[in-house]
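Reproduced below: data-v8.cif, with mmCIF, C-alpha atoms.
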data_input
#
loop_
_atom_site.label_atom_id
_atom_site.label_comp_id
_atom_site.auth_asym_id
_atom_site.auth_seq_id
_atom_site.Cartn_x
_atom_site.Cartn_y
_atom_site.Cartn_z
CA MET T 274 85.19 84.59 148.43
CA LYS T 275 84.69 88.22 147.56
CA GLY T 276 84.49 90.71 150.40
CA ARG T 277 81.52 93.02 150.52
CA ARG T 278 82.06 96.50 149.13
CA ILE T 279 81.90 99.02 151.93
CA ALA T 280 80.04 102.24 151.24
CA PHE T 281 81.14 105.37 153.06
CA ALA T 282 78.59 107.68 151.50
CA GLY T 283 75.87 107.11 154.13
CA PRO T 284 74.76 109.86 156.50
CA GLY T 285 76.31 108.07 159.51
CA VAL T 286 79.81 107.89 158.03
CA ARG T 287 81.22 111.40 158.37
CA ASP T 288 84.61 110.83 159.94
CA ALA T 289 87.39 108.29 160.37
CA GLU T 290 85.88 106.79 163.53
CA ALA T 291 82.54 106.14 161.82
CA ALA T 292 84.33 104.70 158.77
CA ARG T 293 86.43 102.45 160.99
CA ARG T 294 83.37 101.16 162.82
CA GLU T 295 81.61 100.52 159.53
CA ILE T 296 84.56 98.46 158.26
CA VAL T 297 84.62 96.38 161.45
CA ARG T 298 80.84 95.93 161.33
CA VAL T 299 80.83 94.64 157.74
CA ARG T 300 83.88 92.38 158.15
CA LEU T 301 82.64 90.92 161.44
CA ALA T 302 79.23 90.22 159.86
CA GLU T 303 80.97 88.37 157.02
CA ALA T 304 82.74 86.13 159.53
CA LEU T 305 79.62 85.57 161.61
CA VAL T 306 77.48 84.40 158.69
CA ARG T 307 80.15 81.87 157.76
CA ALA T 308 80.73 80.50 161.27
CA GLY T 309 78.27 77.66 160.63
CA ALA T 310 81.10 76.05 158.64
CA LEU T 311 82.65 75.03 161.97
CA GLU T 312 79.63 72.81 162.63
CA HIS T 313 79.25 71.43 159.09
CA GLY T 314 83.00 71.02 158.56
CA GLY T 315 82.93 71.30 154.74
CA ALA T 316 86.24 72.21 153.07
CA ARG T 317 84.89 75.04 150.88
CA GLU T 318 82.88 76.63 153.70
CA LEU T 319 85.79 76.47 156.14
CA HIS T 320 88.02 78.07 153.54
CA ASP T 321 85.55 80.94 153.15
CA LEU T 322 85.39 81.37 156.92
CA ARG T 323 89.19 81.53 157.02
CA ILE T 324 89.20 84.28 154.40
CA ALA T 325 86.50 86.22 156.27
CA CYS T 326 88.46 85.93 159.55
CA LYS T 327 91.59 87.11 157.76
CA ARG T 328 89.85 90.20 156.38
CA LEU T 329 88.51 91.03 159.82
CA ARG T 330 91.88 90.48 161.48
CA TYR T 331 93.71 92.68 159.00
CA ALA T 332 91.13 95.41 159.44
CA LEU T 333 91.63 95.31 163.23
CA GLU T 334 95.38 95.37 162.75
CA LEU T 335 95.26 98.35 160.40
CA HIS T 336 93.17 100.37 162.86
CA ARG T 337 94.72 98.94 166.04
CA ASP T 338 95.90 102.25 167.47
CA ALA T 339 92.47 103.81 167.18
CA LEU T 340 90.32 100.94 168.47
CA PRO T 341 89.11 100.68 172.09
CA ALA T 342 90.92 98.41 174.53
CA ALA T 343 87.87 96.10 174.72
CA VAL T 344 88.48 94.86 171.18
CA GLN T 345 92.23 94.30 171.39
CA GLY T 346 91.94 90.60 172.29
CA ALA T 347 89.98 89.90 169.12
CA GLU T 348 93.02 90.31 166.90
CA ARG T 349 94.96 87.66 168.80
CA LEU T 350 91.97 85.32 168.83
CA LEU T 351 91.48 85.69 165.08
CA ALA T 352 95.17 85.01 164.44
CA GLY T 353 94.86 81.75 166.40
CA LEU T 354 91.68 80.77 164.60
CA GLN T 355 93.21 81.63 161.25
CA ASP T 356 96.19 79.37 162.01
CA LEU T 357 93.89 76.46 162.83
CA LEU T 358 91.75 77.05 159.75
CA GLY T 359 94.91 77.34 157.65
CA GLU T 360 96.13 73.95 158.89
CA LEU T 361 92.69 72.50 158.22
CA HIS T 362 92.90 73.81 154.67
CA ASP T 363 96.34 72.21 154.27
CA CYS T 364 94.83 68.89 155.39
CA ASP T 365 92.07 69.23 152.79
CA VAL T 366 94.58 69.93 150.00
CA LEU T 367 96.78 67.01 151.12
CA LEU T 368 93.77 64.69 151.27
CA ALA T 369 93.02 65.55 147.64
CA HIS T 370 96.66 64.75 146.69
CA ALA T 371 96.52 61.52 148.71
CA GLU T 372 93.36 60.45 146.96
CA ARG T 373 94.93 61.03 143.54
CA ILE T 374 97.86 58.71 144.24
CA ASP T 375 95.83 56.31 146.38
CA VAL T 376 97.80 56.46 149.64
CA THR T 377 95.10 55.36 152.07
CA ILE T 378 97.15 55.05 155.28
CA ALA T 379 98.53 58.56 154.82
CA ALA T 380 95.00 59.81 154.14
CA ARG T 381 93.75 58.26 157.40
CA VAL T 382 96.46 60.02 159.42
CA ILE T 383 95.75 63.36 157.77
CA GLY T 384 91.99 62.86 158.26
CA ARG T 385 92.52 62.24 161.97
CA ASP T 386 94.55 65.45 162.32
CA ARG T 387 91.84 67.34 160.44
CA ARG T 388 89.22 66.22 162.98
CA LEU T 389 91.43 67.31 165.87
CA LEU T 390 92.00 70.73 164.29
CA LEU T 391 88.29 71.19 163.64
CA GLY T 392 87.51 70.38 167.27
CA ARG T 393 90.04 72.96 168.46
CA ALA T 394 88.66 75.61 166.10
CA ARG T 395 85.11 74.98 167.34
CA ARG T 396 86.17 75.35 170.96
CA LEU T 397 88.08 78.55 170.24
CA TRP T 398 85.07 80.07 168.47
CA ARG T 399 82.66 79.12 171.29
CA GLU T 400 84.96 80.57 173.93
CA ALA T 401 85.34 83.77 171.93
CA PHE T 402 81.65 84.53 172.42
CA ALA T 403 81.44 83.56 176.07
CA GLU T 404 80.99 86.32 178.63
CA ARG T 405 84.06 88.58 178.28
CA GLY T 406 85.18 86.44 175.34
CA ASP T 407 87.54 88.00 172.81
CA LEU T 408 84.85 88.56 170.19
CA THR T 409 82.13 89.73 172.57
CA GLY T 410 83.72 93.16 172.95
CA LEU T 411 84.21 93.42 169.22
CA ALA T 412 80.57 92.57 168.52
CA ALA T 413 79.52 95.30 170.94
CA TYR T 414 81.84 97.82 169.27
CA ALA T 415 80.39 96.89 165.88
CA GLY T 416 76.88 97.42 167.20
CA PHE T 417 75.61 93.86 167.22
CA GLY T 418 73.14 93.32 170.02
CA SER T 419 74.59 95.95 172.27
CA PRO T 420 73.41 99.39 173.28
CA GLN T 421 77.03 100.57 173.04
CA GLY T 422 77.10 100.44 169.26
CA PRO T 423 75.27 102.55 166.68
CA GLY T 424 72.11 101.01 165.30
CA GLY T 425 72.77 97.42 166.27
CA SER T 426 71.42 96.03 163.01
CA ALA T 427 73.16 93.36 160.99
CA PRO T 428 74.33 94.58 157.59
CA MET V 65 89.03 110.77 136.56
CA SER V 66 90.41 113.27 134.06
CA ASP V 67 86.90 113.74 132.60
CA GLU V 68 85.62 115.27 135.83
CA ASN V 69 85.52 118.99 136.39
CA PRO V 70 88.36 120.62 138.33
CA ALA V 71 86.11 121.57 141.25
CA ALA V 72 85.12 117.95 141.82
CA GLU V 73 88.78 116.91 141.64
CA GLU V 74 89.71 119.61 144.14
CA GLU V 75 86.98 118.49 146.53
CA ARG V 76 88.12 114.88 146.27
CA ALA V 77 91.72 115.81 147.03
CA THR V 78 90.76 117.69 150.18
CA ASP V 79 88.16 115.25 151.49
CA PRO V 80 89.35 114.31 155.02
CA LEU V 81 88.11 110.72 154.74
CA GLU V 82 89.99 110.22 151.49
CA ALA V 83 93.12 111.75 153.00
CA TRP V 84 92.81 109.41 156.00
CA ALA V 85 92.35 106.37 153.75
CA GLY V 86 95.23 107.48 151.52
CA GLU V 87 97.60 107.62 154.49
CA LEU V 88 96.63 104.14 155.67
CA ILE V 89 97.15 102.71 152.20
CA GLU V 90 100.51 104.46 151.73
CA ARG V 91 101.75 102.86 154.95
CA ARG V 92 100.77 99.42 153.62
CA VAL V 93 102.31 100.13 150.20
CA ARG V 94 105.64 101.06 151.83
CA ASP V 95 105.64 97.83 153.90
CA PHE V 96 104.96 95.82 150.78
CA GLU V 97 107.67 97.48 148.70
CA VAL V 98 110.31 96.99 151.43
CA LYS V 99 109.56 93.27 151.55
CA ARG V 100 109.41 93.01 147.77
CA ALA V 101 112.90 94.50 147.53
CA ALA V 102 114.10 92.00 150.17
CA VAL V 103 112.82 88.98 148.27
CA LEU V 104 114.47 90.19 145.07
CA GLU V 105 117.78 90.32 146.93
CA ARG V 106 117.31 86.86 148.45
CA ALA V 107 115.63 84.86 145.71
CA GLU V 108 116.16 81.48 147.41
CA ASP V 109 114.81 82.52 150.79
CA ALA V 110 111.39 80.91 151.30
CA GLU V 111 110.68 83.06 154.37
CA ALA V 112 111.31 86.26 152.41
CA LEU V 113 108.70 85.13 149.90
CA HIS V 114 106.32 84.39 152.77
CA ASP V 115 106.92 87.88 154.20
CA VAL V 116 106.17 89.69 150.96
CA ARG V 117 103.04 87.60 150.46
CA THR V 118 101.71 88.49 153.91
CA ARG V 119 102.37 92.19 153.22
CA ALA V 120 100.54 91.84 149.90
CA ARG V 121 97.54 90.29 151.67
CA ARG V 122 97.45 93.10 154.21
CA LEU V 123 97.61 95.72 151.50
CA ARG V 124 94.94 93.95 149.49
CA ALA V 125 92.63 93.72 152.51
CA ALA V 126 93.10 97.43 153.25
CA LEU V 127 92.37 98.34 149.63
CA GLU V 128 89.23 96.19 149.63
CA ASP V 129 88.03 97.91 152.80
CA LEU V 130 88.81 101.41 151.58
CA ARG V 131 88.37 101.09 147.79
CA GLU V 132 85.56 103.68 147.74
CA LEU V 133 87.96 106.25 149.16
CA VAL V 134 91.11 105.43 147.19
CA PRO V 135 91.07 106.37 143.49
CA GLU V 136 93.91 103.96 142.57
CA ALA V 137 92.43 101.02 144.47
CA GLU V 138 91.17 99.02 141.49
CA GLU V 139 94.48 99.30 139.64
CA MET V 140 96.45 98.19 142.70
CA LEU V 141 94.02 95.38 143.48
CA GLY V 142 94.46 94.05 139.94
CA ALA V 143 98.25 94.03 140.34
CA LEU V 144 98.02 92.35 143.75
CA LYS V 145 95.66 89.69 142.49
CA ARG V 146 98.14 88.78 139.75
CA PHE V 147 100.95 88.83 142.31
CA SER V 148 99.09 86.47 144.67
CA ARG V 149 98.22 84.08 141.88
CA ARG V 150 101.81 83.84 140.67
CA THR V 151 103.44 83.53 144.09
CA GLY V 152 100.80 81.42 145.84
CA GLU V 153 101.63 78.04 144.43
CA ALA V 154 105.26 78.16 145.60
CA ARG V 155 104.35 79.11 149.15
CA ASP V 156 101.47 76.62 149.39
CA ASN V 157 103.72 73.89 148.06
CA ASP V 158 106.46 74.69 150.61
CA VAL V 159 103.97 74.58 153.49
CA LEU V 160 102.43 71.30 152.36
CA LEU V 161 105.83 69.73 151.77
CA ALA V 162 107.01 70.71 155.27
CA ARG V 163 103.91 69.07 156.74
CA VAL V 164 104.31 65.87 154.73
CA GLU V 165 108.03 65.65 155.54
CA TRP V 166 107.13 65.92 159.22
CA TYR V 167 104.64 63.08 158.87
CA ALA V 168 107.19 60.96 157.00
CA GLU V 169 109.78 61.55 159.70
CA HIS V 170 107.40 60.38 162.43
CA ALA V 171 105.82 57.44 160.59
CA PHE V 172 106.94 53.84 160.14
CA GLY V 173 106.64 51.08 157.56
CA ARG V 174 103.95 51.50 154.89
CA ALA V 175 102.72 54.78 156.28
CA ARG V 176 106.20 56.26 155.93
CA ALA V 177 106.50 54.99 152.36
CA GLN V 178 103.18 56.61 151.48
CA PHE V 179 104.19 59.95 152.95
CA GLU V 180 107.46 59.74 151.02
CA ARG V 181 105.46 59.28 147.80
CA LEU V 182 103.31 62.26 148.67
CA ALA V 183 106.43 64.34 149.41
CA GLY V 184 107.96 63.30 146.09
CA ARG V 185 104.89 64.54 144.25
CA LEU V 186 105.16 67.92 145.98
CA ARG V 187 108.93 68.21 145.42
CA LYS V 188 108.43 67.75 141.69
CA ARG V 189 106.25 70.86 141.54
CA ARG V 190 108.71 73.00 143.49
CA GLY V 191 111.10 74.24 140.78
CA HIS V 192 108.46 75.47 138.39
CA SER V 193 106.39 77.19 141.08
CA ARG V 194 109.47 78.96 142.47
CA THR V 195 110.38 80.40 139.05
CA ARG V 196 106.83 81.56 138.52
CA ALA V 197 106.80 83.19 141.97
CA MET V 198 110.00 85.15 141.33
CA ASP V 199 108.63 86.37 137.99
CA GLY V 200 105.53 87.50 139.86
CA VAL V 201 107.59 89.44 142.43
CA ARG V 202 109.82 91.03 139.79
CA GLU V 203 106.99 92.12 137.51
CA CYS V 204 104.59 93.43 140.13
CA ARG V 205 103.75 97.10 139.53
CA LEU V 206 101.18 98.55 141.88
CA ARG V 207 100.89 101.77 139.92
CA GLY V 208 101.03 102.28 136.17
CA SER V 209 100.49 98.60 135.42
CA ALA V 210 100.39 97.80 131.70
CA GLU V 211 97.92 94.97 132.11
CA GLY V 212 94.31 96.00 132.42
CA GLU V 213 92.97 93.01 134.32
CA SER V 214 90.30 93.89 136.83
CA PRO V 215 90.40 92.36 140.31
#
If you took the structure in this file and wrote it as structure tokens, what would it be?
Amino acid sequence: MKGRRIAFAGPGVRDAEAARREIVRVRLAEALVRAGALEHGGARELHDLRIACKRLRYALELHRDALPAAVQGAERLLAGLQDLLGELHDCDVLLAHAERIDVTIAARVIGRDRRLLLGRARRLWREAFAERGDLTGLAAYAGFGSPQGPGGSAP
Amino acid sequence: MSDENPAAEEERATDPLEAWAGELIERRVRDFEVKRAAVLERAEDAEALHDVRTRARRLRAALEDLRELVPEAEEMLGALKRFSRRTGEARDNDVLLARVEWYAEHAFGRARAQFERLAGRLRKRRGHSRTRAMDGVRECRLRGSAEGESP
């Protein structure tokens, strides 16, 4: 999954703070549009969501010292989500191996773990957008649906 | 860049946003190079390989975010893409093998035998992927890369 190219030439991006906010806005939007994968549960879509969460997490980490306190929890949340999605991906790869050598009992065990991991990832994502959830503050900072941010439009 | 006029080059060099981005990238490059040196010293250490791969991912993410502001971004991204491709299989294989070995340890009867088969399949791939990974670490050049592959 290719990340979107971020343009800094716009009239609103004059300094480091505006550039930082633009990066967070674009990377958060990429994760949000892929979050439906948690409901559908498809391997490819979940993998793309994992990559999008990783990009967002690394962006938050790179700019950690300059970001407001309200967004600090998001980094931890994304690390947890990324771990779960990483394990889910491992299950998908192992299931493909298991299918190739026809080990059905092993595949059943791995499939059961995959369902448990998906359930945990769904819960984590839902909680993250609850009131005072870890991604609520980040969405406001990025300008999604909040008067605190600039514009408030999705990219 | 050498085709541009000197005034444009001068302006680029003093642009505060580019200077800001350049500093962030340099910090990530230093982290990566420290971990790359460590893995070259400890070729058999799976965790050292994991560490350098995570630093490479962080650097790559930063370059993708800031590529418009960093003149060398495309060259470095090309090198990092090659690096990830060559080192990825070894790490993925180690992680999968650890998971399957755990399953095998906690299973009984036919289930255990099946997990052992799965583990055997993964172990077979280990040697080759490890050699390829070390070549990838050794040959990675972020700047002045001879290969012209685009990211």
Selection: 12 Å around segment 401-416 of chain T, only C-alpha atoms, excl. self and same-chain fewer than 6 positions, as an mmCIF file with C-alpha atoms, keeping the file's coordinate frame:
data_model
loop_
_atom_site.group_PDB
_atom_site.id
_atom_site.type_symbol
_atom_site.label_atom_id
_atom_site.label_comp_id
_atom_site.auth_asym_id
_atom_site.auth_seq_id
_atom_site.Cartn_x
_atom_site.Cartn_y
_atom_site.Cartn_z
ATOM 1 C CA GLU T 290 85.880 106.790 163.530
ATOM 2 C CA ALA T 291 82.540 106.140 161.820
ATOM 3 C CA ALA T 292 84.330 104.700 158.770
ATOM 4 C CA ARG T 293 86.430 102.450 160.990
ATOM 5 C CA ARG T 294 83.370 101.160 162.820
ATOM 6 C CA GLU T 295 81.610 100.520 159.530
ATOM 7 C CA ILE T 296 84.560 98.460 158.260
ATOM 8 C CA VAL T 297 84.620 96.380 161.450
ATOM 9 C CA ARG T 298 80.840 95.930 161.330
ATOM 10 C CA VAL T 299 80.830 94.640 157.740
ATOM 11 C CA ARG T 300 83.880 92.380 158.150
ATOM 12 C CA LEU T 301 82.640 90.920 161.440
ATOM 13 C CA ALA T 302 79.230 90.220 159.860
ATOM 14 C CA ALA T 304 82.740 86.130 159.530
ATOM 15 C CA LEU T 305 79.620 85.570 161.610
ATOM 16 C CA ALA T 308 80.730 80.500 161.270
ATOM 17 C CA CYS T 326 88.460 85.930 159.550
ATOM 18 C CA LEU T 329 88.510 91.030 159.820
ATOM 19 C CA ARG T 330 91.880 90.480 161.480
ATOM 20 C CA LEU T 333 91.630 95.310 163.230
ATOM 21 C CA LEU T 340 90.320 100.940 168.470
ATOM 22 C CA PRO T 341 89.110 100.680 172.090
ATOM 23 C CA ALA T 342 90.920 98.410 174.530
ATOM 24 C CA ALA T 343 87.870 96.100 174.720
ATOM 25 C CA VAL T 344 88.480 94.860 171.180
ATOM 26 C CA GLN T 345 92.230 94.300 171.390
ATOM 27 C CA GLY T 346 91.940 90.600 172.290
ATOM 28 C CA ALA T 347 89.980 89.900 169.120
ATOM 29 C CA GLU T 348 93.020 90.310 166.900
ATOM 30 C CA ARG T 349 94.960 87.660 168.800
ATOM 31 C CA LEU T 350 91.970 85.320 168.830
ATOM 32 C CA LEU T 351 91.480 85.690 165.080
ATOM 33 C CA ALA T 352 95.170 85.010 164.440
ATOM 34 C CA GLY T 353 94.860 81.750 166.400
ATOM 35 C CA LEU T 354 91.680 80.770 164.600
ATOM 36 C CA ALA T 394 88.660 75.610 166.100
ATOM 37 C CA ARG T 395 85.110 74.980 167.340
ATOM 38 C CA GLY T 422 77.100 100.440 169.260
ATOM 39 C CA PRO T 423 75.270 102.550 166.680
ATOM 40 C CA GLY T 424 72.110 101.010 165.300
ATOM 41 C CA GLY T 425 72.770 97.420 166.270
ATOM 42 C CA SER T 426 71.420 96.030 163.010
ATOM 43 C CA ALA T 427 73.160 93.360 160.990
ATOM 44 C CA PRO T 428 74.330 94.580 157.590
#
Original post:
If the PyMOL selection byres ((chain V) within 8 of (chain T)) is run on the structure shown, which residues does it catch, given as number ranges by chain?
Top reply: V: 80-81, 84, 88, 122, 125-126, 128-133, 160, 174-175, 178-179, 182
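Interatomic distance, atom CA of Arg150 of chain V to atom CA of Gly200 of chain V: 5.3 Å.
Rounded to one decimal, atom CA of Glu111 of chain V and atom CA of Arg155 of chain V lie 9.1 Å from each other.
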Subject >> Residue contacts of Leu361 of chain T (8 Å, only C-alpha atoms) excluding same-chain residues fewer than 6 positions away, as a list of chain:residue names >> reply: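 Near neighbours after the sequence-gap exclusion: T:Arg387, T:Leu390, T:Leu391.
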Original post:
atom CA of Arg117 of chain V to atom CA of Phe96 of chain V: how many Å, to one decimal?
Top reply: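 Atom CA of Phe96 of chain V lies at a distance of 8.4 Å from atom CA of Arg117 of chain V.
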Original post:
With distances taken over only C-alpha atoms, which of T:Ala316, T:Ile324, T:Met274, T:Leu357 is nearest to Arg121 of chain V?
Top reply: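 Using only C-alpha atoms, Arg121 of chain V sits closest to T:Ile324.
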Subject >> Proximity to Arg399 of chain T - best of T:Gly283, T:Val306, T:Glu312, T:Leu358, all atoms listed in the file >> reply: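 Closest to Arg399 of chain T of all the choices is T:Glu312.
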Original post:
So what does the PyMOL selection byres ((chain V and resi 202) around 12) actually pick up in this one, as a PyMOL selection string?
Top reply: chain V and resi 97+99-105+107+113+116+143+146-147+150-151+195-201+203-206
Could I get segment 127-202 of chain V from the block written out with C-alpha atoms, as a CSV table (one decimal), in the first residue's frame?
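After the write, part-v3.csv holds the following:
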chain,number,residue,atom,x,y,z
V,127,LEU,CA,11.1,10.1,4.1
V,128,GLU,CA,7.7,9.3,2.7
V,129,ASP,CA,6.1,12.0,4.8
V,130,LEU,CA,8.7,14.6,4.0
V,131,ARG,CA,9.9,13.6,0.5
V,132,GLU,CA,8.8,16.9,-1.0
V,133,LEU,CA,11.2,18.7,1.3
V,134,VAL,CA,14.2,16.4,1.2
V,135,PRO,CA,16.1,16.4,-2.1
V,136,GLU,CA,17.7,13.0,-1.5
V,137,ALA,CA,14.5,11.3,-0.4
V,138,GLU,CA,13.9,9.3,-3.6
V,139,GLU,CA,17.4,7.9,-3.6
V,140,MET,CA,17.2,6.9,0.0
V,141,LEU,CA,13.8,5.4,-0.4
V,142,GLY,CA,15.1,3.2,-3.2
V,143,ALA,CA,17.9,1.9,-1.0
V,144,LEU,CA,15.5,1.3,1.9
V,145,LYS,CA,13.1,-0.6,-0.3
V,146,ARG,CA,15.8,-2.9,-1.4
V,147,PHE,CA,17.0,-3.3,2.2
V,148,SER,CA,13.5,-4.2,3.4
V,149,ARG,CA,13.0,-6.7,0.6
V,150,ARG,CA,16.2,-8.5,1.3
V,151,THR,CA,15.9,-8.6,5.1
V,152,GLY,CA,12.2,-9.1,5.4
V,153,GLU,CA,12.0,-12.8,4.7
V,154,ALA,CA,14.4,-13.7,7.4
V,155,ARG,CA,12.6,-11.7,10.1
V,156,ASP,CA,9.1,-12.9,9.0
V,157,ASN,CA,10.3,-16.5,9.0
V,158,ASP,CA,11.8,-16.1,12.5
V,159,VAL,CA,8.5,-14.7,13.8
V,160,LEU,CA,6.4,-17.3,12.2
V,161,LEU,CA,8.6,-20.1,13.4
V,162,ALA,CA,8.5,-18.9,16.9
V,163,ARG,CA,4.7,-18.9,16.8
V,164,VAL,CA,4.5,-22.4,15.3
V,165,GLU,CA,7.0,-23.7,17.8
V,166,TRP,CA,4.9,-22.3,20.6
V,167,TYR,CA,1.8,-24.1,19.2
V,168,ALA,CA,3.7,-27.3,18.8
V,169,GLU,CA,4.9,-27.1,22.4
V,170,HIS,CA,1.3,-26.7,23.7
V,171,ALA,CA,-0.4,-29.2,21.4
V,172,PHE,CA,-0.9,-32.9,21.7
V,173,GLY,CA,-1.2,-35.9,19.3
V,174,ARG,CA,-2.0,-35.2,15.7
V,175,ALA,CA,-2.2,-31.5,16.2
V,176,ARG,CA,1.4,-31.5,17.6
V,177,ALA,CA,2.6,-33.5,14.6
V,178,GLN,CA,1.0,-31.1,12.2
V,179,PHE,CA,2.6,-28.1,13.9
V,180,GLU,CA,6.0,-29.9,13.8
V,181,ARG,CA,5.6,-30.3,10.0
V,182,LEU,CA,4.8,-26.7,9.6
V,183,ALA,CA,7.8,-25.8,11.7
V,184,GLY,CA,10.0,-28.0,9.6
V,185,ARG,CA,8.9,-26.2,6.5
V,186,LEU,CA,9.8,-22.9,8.0
V,187,ARG,CA,13.2,-24.1,9.3
V,188,LYS,CA,14.2,-25.2,5.8
V,189,ARG,CA,13.8,-21.6,4.6
V,190,ARG,CA,15.9,-20.1,7.4
V,191,GLY,CA,19.5,-20.5,6.2
V,192,HIS,CA,18.9,-19.0,2.7
V,193,SER,CA,16.9,-16.1,4.1
V,194,ARG,CA,19.5,-15.3,6.7
V,195,THR,CA,22.3,-15.1,4.1
V,196,ARG,CA,20.2,-12.9,1.9
V,197,ALA,CA,19.4,-10.6,4.9
V,198,MET,CA,23.0,-10.1,5.8
V,199,ASP,CA,23.9,-9.3,2.2
V,200,GLY,CA,21.1,-6.7,2.3
V,201,VAL,CA,22.5,-5.1,5.5
V,202,ARG,CA,26.1,-5.1,4.2
